[in-house]
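Everything below concerns the one structure shown next.
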Amino acid sequence: QVHLVESGGGLVQAGGSLRLACAASGITFSRYTIGWFRQAPGKEREFVAAVRGNGGSTHYKDSVKGRFIISRENAKATVYLQMNNLGPEDTAVYYCAADRRIILSSLRLAGQYDYWGQGTQVTVSS
């Protein structure tokens, strides 16, 4: 069975930082694209960042470029999302997702990912 478990969420003041982790099991981790998505109350789930497998190119939502950094540690089957200079607009439940066959043009689409974690809450106070 495939399991994705997010951790690292919490409450932080505006301007602060958090590092999220997504630990995977049940997959050949290095071959999978891992994406981070977020969903705020009353809003649709949106793409935040992704890192490809087998080479590890990274991709970001425009509004987080320069503030968030996605990285992967294949030996630990874990992907990290370092979030800096957080603002209240970043408040959401953050989910990680995994897919092996996702193509570059689709990696921002939540519906293209096969596996999802349960999410971790990030709250940024102003």
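Ordering of the structure tokens sets the chain letters (A, B, ...), residue numbers begin anew at 1 in every chain, and ligands are numbered from 1 in the order given.
Proximity to Ile70 of chain A at 9 Å, evaluated using only C-alpha atoms and with sequence-adjacent residues fewer than 4 positions away removed, yields Trp36, Ala49, Ala50, Val51, Thr58, His59, Tyr60, Val79, Tyr80, Leu81, Gln82 and Met83 of chain A.
Summary of the local environment: counting only C-alpha atoms, residues at most 8 Å from Glu46 of chain A, other than itself and those fewer than 5 positions away along its chain, are Phe37, Arg38, Gln39 and Ala110 of chain A.
In this comparison, which uses only C-alpha atoms, the residue of A:Ala23, A:Val2, A:Arg52, A:Val12 approaching Ser106 of chain A most closely is A:Arg52.
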*Enumerate as a ChimeraX atom specification all residues of segment 28-58 of chain A assigned to strand (DSSP E or B) by DSSP on the backbone, naming them with the chain letters and numbers the document uses.*
/A:33-39,46-51,58
Those selected residues, please, written with N, CA, C and O atoms and delivered as a PDB file, in the first residue's frame.
```pdb
ATOM      1  N   THR A  33       7.083  11.737  -9.309  1.00  0.00           N
ATOM      2  CA  THR A  33       6.913  13.171  -9.130  1.00  0.00           C
ATOM      3  C   THR A  33       6.110  13.398  -7.850  1.00  0.00           C
ATOM      4  O   THR A  33       5.090  12.732  -7.632  1.00  0.00           O
ATOM      5  N   ILE A  34       6.581  14.298  -7.029  1.00  0.00           N
ATOM      6  CA  ILE A  34       5.882  14.658  -5.798  1.00  0.00           C
ATOM      7  C   ILE A  34       5.446  16.116  -5.890  1.00  0.00           C
ATOM      8  O   ILE A  34       6.268  16.987  -6.187  1.00  0.00           O
ATOM      9  N   GLY A  35       4.187  16.333  -5.651  1.00  0.00           N
ATOM     10  CA  GLY A  35       3.659  17.692  -5.688  1.00  0.00           C
ATOM     11  C   GLY A  35       3.133  18.119  -4.335  1.00  0.00           C
ATOM     12  O   GLY A  35       2.692  17.279  -3.538  1.00  0.00           O
ATOM     13  N   TRP A  36       3.199  19.406  -4.084  1.00  0.00           N
ATOM     14  CA  TRP A  36       2.540  20.005  -2.922  1.00  0.00           C
ATOM     15  C   TRP A  36       1.370  20.854  -3.432  1.00  0.00           C
ATOM     16  O   TRP A  36       1.535  21.652  -4.365  1.00  0.00           O
ATOM     17  N   PHE A  37       0.235  20.669  -2.805  1.00  0.00           N
ATOM     18  CA  PHE A  37      -0.955  21.444  -3.102  1.00  0.00           C
ATOM     19  C   PHE A  37      -1.464  22.028  -1.790  1.00  0.00           C
ATOM     20  O   PHE A  37      -1.103  21.566  -0.709  1.00  0.00           O
ATOM     21  N   ARG A  38      -2.338  23.015  -1.900  1.00  0.00           N
ATOM     22  CA  ARG A  38      -2.945  23.566  -0.690  1.00  0.00           C
ATOM     23  C   ARG A  38      -4.402  23.922  -0.961  1.00  0.00           C
ATOM     24  O   ARG A  38      -4.781  24.184  -2.099  1.00  0.00           O
ATOM     25  N   GLN A  39      -5.160  23.904   0.112  1.00  0.00           N
ATOM     26  CA  GLN A  39      -6.569  24.238  -0.003  1.00  0.00           C
ATOM     27  C   GLN A  39      -6.980  25.086   1.182  1.00  0.00           C
ATOM     28  O   GLN A  39      -6.896  24.640   2.335  1.00  0.00           O
ATOM     29  N   GLU A  46      -5.132  24.059  -4.839  1.00  0.00           N
ATOM     30  CA  GLU A  46      -4.261  24.662  -5.830  1.00  0.00           C
ATOM     31  C   GLU A  46      -2.842  24.135  -5.733  1.00  0.00           C
ATOM     32  O   GLU A  46      -2.364  23.779  -4.645  1.00  0.00           O
ATOM     33  N   PHE A  47      -2.195  24.135  -6.869  1.00  0.00           N
ATOM     34  CA  PHE A  47      -0.807  23.711  -6.966  1.00  0.00           C
ATOM     35  C   PHE A  47       0.101  24.700  -6.263  1.00  0.00           C
ATOM     36  O   PHE A  47      -0.092  25.919  -6.361  1.00  0.00           O
ATOM     37  N   VAL A  48       1.114  24.165  -5.574  1.00  0.00           N
ATOM     38  CA  VAL A  48       2.108  25.009  -4.924  1.00  0.00           C
ATOM     39  C   VAL A  48       3.490  24.774  -5.520  1.00  0.00           C
ATOM     40  O   VAL A  48       4.166  25.699  -5.947  1.00  0.00           O
ATOM     41  N   ALA A  49       3.902  23.516  -5.554  1.00  0.00           N
ATOM     42  CA  ALA A  49       5.242  23.191  -6.045  1.00  0.00           C
ATOM     43  C   ALA A  49       5.299  21.716  -6.358  1.00  0.00           C
ATOM     44  O   ALA A  49       4.501  20.927  -5.850  1.00  0.00           O
ATOM     45  N   ALA A  50       6.266  21.338  -7.202  1.00  0.00           N
ATOM     46  CA  ALA A  50       6.462  19.926  -7.513  1.00  0.00           C
ATOM     47  C   ALA A  50       7.925  19.688  -7.827  1.00  0.00           C
ATOM     48  O   ALA A  50       8.638  20.586  -8.285  1.00  0.00           O
ATOM     49  N   VAL A  51       8.342  18.456  -7.575  1.00  0.00           N
ATOM     50  CA  VAL A  51       9.692  18.024  -7.935  1.00  0.00           C
ATOM     51  C   VAL A  51       9.576  16.709  -8.685  1.00  0.00           C
ATOM     52  O   VAL A  51       8.901  15.780  -8.232  1.00  0.00           O
ATOM     53  N   THR A  58      12.366  21.185 -10.601  1.00  0.00           N
ATOM     54  CA  THR A  58      11.395  21.767  -9.674  1.00  0.00           C
ATOM     55  C   THR A  58      10.516  22.791 -10.383  1.00  0.00           C
ATOM     56  O   THR A  58      10.931  23.425 -11.354  1.00  0.00           O
TER      57      THR A  58
END
```
_When you count only C-alpha atoms, which of these residues is closest to Pro88 of chain A: A:Ala40, A:Leu4, A:Ala21, A:Ala14?_
A:Ala14
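When the distance limit is 6 Å and only C-alpha atoms are what count, the residues near Cys22 of chain A, minus those fewer than 6 positions from it on the same chain, are A:Val5, A:Glu6, A:Thr78, A:Val79.
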Let's have the selection written as a tab-separated table (two decimals), in the first residue's frame, with N, CA, C and O atoms.
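Saved as result22.tsv:
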```
chain	number	residue	atom	x	y	z
A	5	VAL	N	2.63	10.77	4.14
A	5	VAL	CA	2.33	11.39	5.44
A	5	VAL	C	3.02	12.74	5.51
A	5	VAL	O	4.26	12.82	5.43
A	6	GLU	N	2.21	13.77	5.65
A	6	GLU	CA	2.74	15.13	5.77
A	6	GLU	C	2.98	15.47	7.24
A	6	GLU	O	2.27	14.98	8.13
A	78	THR	N	11.54	11.10	1.15
A	78	THR	CA	10.90	12.29	1.74
A	78	THR	C	11.12	13.49	0.83
A	78	THR	O	12.19	13.67	0.25
A	79	VAL	N	10.08	14.28	0.71
A	79	VAL	CA	10.14	15.57	0.03
A	79	VAL	C	9.85	16.66	1.05
A	79	VAL	O	8.98	16.50	1.91
```
*Mind checking which residues fall within 10 Å of Ala92 of chain A, counting only C-alpha atoms, ignoring those fewer than 2 positions away in the same chain, and posting them as number ranges by chain?*
A: 9, 37-41, 43, 45, 88-90, 94-95, 119-124
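The space between atom CA of Lys65 of chain A and atom CA of Thr91 of chain A spans 16.4 Å.
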*Name the residues of chain A that come out as helix (DSSP H, G or I) in a backbone DSSP run; write them as a list in words.*
Phe29, Ser30, Arg31, Asp62, Ser63, Val64, Asn74, Ala75, Lys76, Pro88, Glu89, Asp90, Leu104, Ser105, Ser106, Ala110, Gly111 and Gln112 of chain A
*Could you please determine the separation between atom CA of Leu11 of chain A and atom CA of Glu73 of chain A in Å, to one decimal place?*
25.4 Å
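In terms of minimum interatomic distance to Gly117 of chain A, A:Ser25 ranks closest within A:Ser25, A:Ser17, A:Asn54, A:Ser71, counting only C-alpha atoms.
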*asked:* Just want the 8 Å neighbourhood of Gly15 of chain A, counted on only C-alpha atoms, with same-chain residues fewer than 5 positions away dropped. Output as a PyMOL selection string.
replied: chain A and resi 84-87
Residues from last step as file, N, CA and C atoms, as an mmCIF file, in the first residue's frame:
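Output (part-v6.cif):
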```
data_model
loop_
_atom_site.group_PDB
_atom_site.id
_atom_site.type_symbol
_atom_site.label_atom_id
_atom_site.label_comp_id
_atom_site.auth_asym_id
_atom_site.auth_seq_id
_atom_site.Cartn_x
_atom_site.Cartn_y
_atom_site.Cartn_z
ATOM 1 N N ASN A 84 9.283 30.205 3.391
ATOM 2 C CA ASN A 84 9.834 31.401 4.041
ATOM 3 C C ASN A 84 8.956 32.605 3.760
ATOM 4 N N ASN A 85 9.103 33.607 4.600
ATOM 5 C CA ASN A 85 8.358 34.859 4.433
ATOM 6 C C ASN A 85 6.861 34.586 4.228
ATOM 7 N N LEU A 86 6.326 33.803 5.109
ATOM 8 C CA LEU A 86 4.921 33.416 4.995
ATOM 9 C C LEU A 86 4.001 34.587 5.258
ATOM 10 N N GLY A 87 2.885 34.580 4.580
ATOM 11 C CA GLY A 87 1.855 35.592 4.770
ATOM 12 C C GLY A 87 0.511 34.939 5.033
#
```
Nearby residues (only C-alpha atoms) at most 8 Å from Ser30 of chain A, same-chain spacing under 3 positions excluded, as a PDB file with N, CA and C atoms, in the first residue's frame:
```pdb
ATOM      1  N   GLY A  53      10.646  13.147 -10.460  1.00  0.00           N
ATOM      2  CA  GLY A  53      11.519  12.036 -10.166  1.00  0.00           C
ATOM      3  C   GLY A  53      12.586  11.926 -11.251  1.00  0.00           C
ATOM      4  N   ASN A  54      13.598  11.094 -10.982  1.00  0.00           N
ATOM      5  CA  ASN A  54      14.626  10.806 -11.997  1.00  0.00           C
ATOM      6  C   ASN A  54      15.217  12.064 -12.633  1.00  0.00           C
ATOM      7  N   ASN A  74      15.855  11.208  -1.644  1.00  0.00           N
ATOM      8  CA  ASN A  74      15.396   9.881  -2.065  1.00  0.00           C
ATOM      9  C   ASN A  74      15.753   8.791  -1.066  1.00  0.00           C
ATOM     10  N   ALA A  77      13.083   8.770   1.217  1.00  0.00           N
ATOM     11  CA  ALA A  77      11.748   8.778   0.616  1.00  0.00           C
ATOM     12  C   ALA A  77      10.921   9.953   1.138  1.00  0.00           C
TER      13      ALA A  77
END
```
